[in-house]
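Right, one structure below, let's go through it.
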Amino acid sequence: QVQLMEFGGGSVQAGDSLRLFCAAFTPTFTTTSGNYAMGWFRRTPGKEREFVAAISGSADTVDYTESVKGRFTISRDNARKLVALQMNSQKPEDAAVYYCGADRNFQAVVRAKPLNWGQGTQVTVSS
(Lines give C-alpha, C1' and ligand atoms only; values in the text may rest on other atoms or scores of the structure.)
Protein backbone atom coordinates (compact mmCIF):
# COMPACT_ATOMS: atom_id res chain seq x y z
CA GLN A 1 0.00 0.00 0.00
CA VAL A 2 1.24 3.47 -0.91
CA GLN A 3 -0.07 6.72 0.49
CA LEU A 4 0.15 9.58 -1.94
CA MET A 5 -0.19 13.33 -1.51
CA GLU A 6 -0.24 15.83 -4.34
CA PHE A 7 0.76 19.45 -4.05
CA GLY A 8 1.64 22.34 -6.31
CA GLY A 9 -1.74 23.01 -7.88
CA GLY A 10 -3.01 26.53 -8.40
CA SER A 11 -4.27 29.08 -10.91
CA VAL A 12 -2.31 30.09 -14.00
CA GLN A 13 -2.88 31.93 -17.26
CA ALA A 14 -2.97 30.12 -20.56
CA GLY A 15 0.58 29.68 -21.82
CA ASP A 16 2.08 29.61 -18.32
CA SER A 17 3.83 26.73 -16.61
CA LEU A 18 3.09 24.88 -13.40
CA ARG A 19 4.75 21.96 -11.67
CA LEU A 20 2.88 19.41 -9.62
CA PHE A 21 4.45 17.12 -7.08
CA CYS A 22 3.38 13.83 -5.59
CA ALA A 23 4.92 12.57 -2.39
CA ALA A 24 4.80 8.86 -1.62
CA PHE A 25 4.64 7.69 1.96
CA THR A 26 5.85 4.14 2.19
CA PRO A 27 9.14 2.54 3.07
CA THR A 28 8.65 0.25 0.08
CA PHE A 29 8.41 2.89 -2.62
CA THR A 30 11.61 1.46 -3.97
CA THR A 31 12.17 -2.21 -3.30
CA THR A 32 14.49 -4.87 -4.53
CA SER A 33 11.53 -6.55 -6.18
CA GLY A 34 10.74 -3.50 -8.25
CA ASN A 35 9.61 0.05 -7.85
CA TYR A 36 6.11 1.39 -8.17
CA ALA A 37 5.09 2.80 -11.50
CA MET A 38 3.60 6.26 -11.01
CA GLY A 39 1.18 8.31 -12.98
CA TRP A 40 -0.76 11.54 -13.18
CA PHE A 41 -4.42 11.69 -13.99
CA ARG A 42 -7.04 14.43 -14.20
CA ARG A 43 -10.75 14.83 -13.93
CA THR A 44 -13.05 17.64 -14.97
CA PRO A 45 -16.68 17.97 -13.84
CA GLY A 46 -18.94 15.49 -15.57
CA LYS A 47 -16.12 13.43 -16.99
CA GLU A 48 -14.27 10.34 -15.91
CA ARG A 49 -10.77 10.55 -14.55
CA GLU A 50 -8.33 10.28 -17.47
CA PHE A 51 -4.72 9.23 -17.83
CA VAL A 52 -2.21 12.05 -18.33
CA ALA A 53 1.30 10.64 -17.86
CA ALA A 54 3.10 7.60 -16.47
CA ILE A 55 6.63 6.73 -15.47
CA SER A 56 8.06 3.32 -14.69
CA GLY A 57 9.74 2.52 -11.40
CA SER A 58 13.20 2.89 -12.81
CA ALA A 59 12.17 5.92 -14.91
CA ASP A 60 13.29 4.24 -18.14
CA THR A 61 9.79 4.25 -19.61
CA VAL A 62 7.33 7.13 -19.82
CA ASP A 63 4.02 7.55 -21.56
CA TYR A 64 1.70 10.50 -22.14
CA THR A 65 -1.78 11.06 -23.37
CA GLU A 66 -1.69 12.61 -26.83
CA SER A 67 -3.02 16.01 -25.81
CA VAL A 68 -0.09 16.76 -23.48
CA LYS A 69 2.81 15.36 -25.50
CA GLY A 70 5.51 17.97 -25.98
CA ARG A 71 4.07 20.15 -23.20
CA PHE A 72 4.09 18.00 -20.06
CA THR A 73 7.01 16.09 -18.57
CA ILE A 74 6.81 13.47 -15.84
CA SER A 75 9.85 12.71 -13.70
CA ARG A 76 10.66 11.01 -10.42
CA ASP A 77 13.19 11.11 -7.63
CA ASN A 78 13.11 7.73 -5.93
CA ALA A 79 15.50 8.77 -3.18
CA ARG A 80 13.11 11.55 -2.16
CA LYS A 81 9.99 9.53 -3.05
CA LEU A 82 8.70 12.33 -5.26
CA VAL A 83 7.10 12.35 -8.67
CA ALA A 84 6.72 15.59 -10.59
CA LEU A 85 4.63 16.73 -13.52
CA GLN A 86 5.99 19.78 -15.31
CA MET A 87 3.20 21.40 -17.27
CA ASN A 88 4.22 23.97 -19.86
CA SER A 89 2.20 25.97 -22.37
CA GLN A 90 -0.94 25.30 -20.45
CA LYS A 91 -4.30 25.51 -22.12
CA PRO A 92 -7.74 26.15 -20.61
CA GLU A 93 -8.63 22.53 -21.34
CA ASP A 94 -5.84 21.43 -18.98
CA ALA A 95 -7.84 22.79 -16.06
CA ALA A 96 -8.87 19.88 -13.83
CA VAL A 97 -8.29 18.16 -10.53
CA TYR A 98 -5.02 16.32 -10.95
CA TYR A 99 -4.42 13.03 -9.17
CA CYS A 100 -1.33 10.98 -8.54
CA GLY A 101 -1.52 7.21 -8.75
CA ALA A 102 0.81 4.30 -8.05
CA ASP A 103 0.84 0.64 -8.96
CA ARG A 104 3.47 -2.05 -9.35
CA ASN A 105 2.09 -2.66 -12.85
CA PHE A 106 3.00 0.04 -15.37
CA GLN A 107 0.12 -0.88 -17.67
CA ALA A 108 -2.36 -0.48 -14.83
CA VAL A 109 -1.17 3.10 -14.50
CA VAL A 110 -1.46 3.71 -18.25
CA ARG A 111 -4.99 2.30 -18.15
CA ALA A 112 -5.80 4.76 -15.33
CA LYS A 113 -6.41 1.91 -12.89
CA PRO A 114 -3.64 2.11 -10.31
CA LEU A 115 -4.37 0.60 -6.92
CA ASN A 116 -3.25 3.64 -4.99
CA TRP A 117 -4.56 7.19 -5.37
CA GLY A 118 -3.89 10.58 -3.91
CA GLN A 119 -6.60 13.07 -2.96
CA GLY A 120 -6.03 15.39 -5.89
CA THR A 121 -4.97 18.97 -6.42
CA GLN A 122 -6.84 21.63 -8.39
CA VAL A 123 -5.33 23.29 -11.45
CA THR A 124 -7.14 26.26 -12.97
CA VAL A 125 -6.11 27.76 -16.31
CA SER A 126 -7.54 31.10 -17.38
CA SER A 127 -7.68 32.13 -21.02
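Letters for chains follow the order of the C-alpha coordinates (A, B, ...), residue numbers begin at 1 for each chain, and ligand numbers begin at 1 in the order shown.
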Distance query Glu6 (chain A) at most 7 Å, only C-alpha atoms, self and fewer than 6 positions along chain excluded, as a short mmCIF file (atom, residue, chain, number, x, y, z; two decimals) with N, CA, C and O atoms, in the first residue's frame:
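Result file is result_21.cif:
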```cif
data_model
loop_
_atom_site.label_atom_id
_atom_site.label_comp_id
_atom_site.auth_asym_id
_atom_site.auth_seq_id
_atom_site.Cartn_x
_atom_site.Cartn_y
_atom_site.Cartn_z
N PHE A 21 3.64 18.12 -7.75
CA PHE A 21 4.45 17.12 -7.08
C PHE A 21 3.55 16.10 -6.39
O PHE A 21 2.45 16.43 -5.94
N CYS A 22 4.06 14.89 -6.31
CA CYS A 22 3.38 13.83 -5.59
C CYS A 22 4.39 13.18 -4.65
O CYS A 22 5.44 12.71 -5.10
N ALA A 23 4.06 13.19 -3.38
CA ALA A 23 4.92 12.57 -2.39
C ALA A 23 4.35 11.20 -2.02
O ALA A 23 3.14 11.08 -1.80
N TYR A 99 -4.65 14.09 -10.14
CA TYR A 99 -4.42 13.03 -9.17
C TYR A 99 -3.13 12.30 -9.47
O TYR A 99 -2.76 12.12 -10.63
N CYS A 100 -2.50 11.84 -8.43
CA CYS A 100 -1.33 10.98 -8.54
C CYS A 100 -1.78 9.55 -8.25
O CYS A 100 -2.64 9.33 -7.40
N GLY A 118 -3.93 9.43 -4.79
CA GLY A 118 -3.89 10.58 -3.91
C GLY A 118 -5.24 11.26 -3.87
O GLY A 118 -6.20 10.81 -4.52
N GLY A 120 -5.84 14.46 -4.79
CA GLY A 120 -6.03 15.39 -5.89
C GLY A 120 -5.65 16.81 -5.54
O GLY A 120 -5.68 17.22 -4.38
N THR A 121 -5.28 17.56 -6.57
CA THR A 121 -4.97 18.97 -6.42
C THR A 121 -5.54 19.72 -7.62
O THR A 121 -5.46 19.25 -8.75
#
```
(Q) Could you go through chain A and tell me which residues DSSP, when run on the backbone, assigns to strand (DSSP E or B), listing them as an MDAnalysis selection string? (A) chainID A and resid 3:7 10:13 18:25 37:43 50:55 62:64 72:77 82:87 96:103 116:117 121:126
**Q.** Option closest in space to Gly8 (chain A), from A:Leu20, A:Ala79, A:Ala84, A:Ala95 [counting only C-alpha atoms]
**A.** A:Leu20
Q. What is the distance between CA of Ser11 (chain A) and CA of Ser56 (chain A), in Å to one decimal?
A. 28.8 Å
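Of the residues listed (A:Trp40, A:Gly9, A:Tyr98, A:Leu18), A:Trp40 shows the shortest atom-to-atom separation from Ile74 (chain A); distances use only C-alpha atoms.
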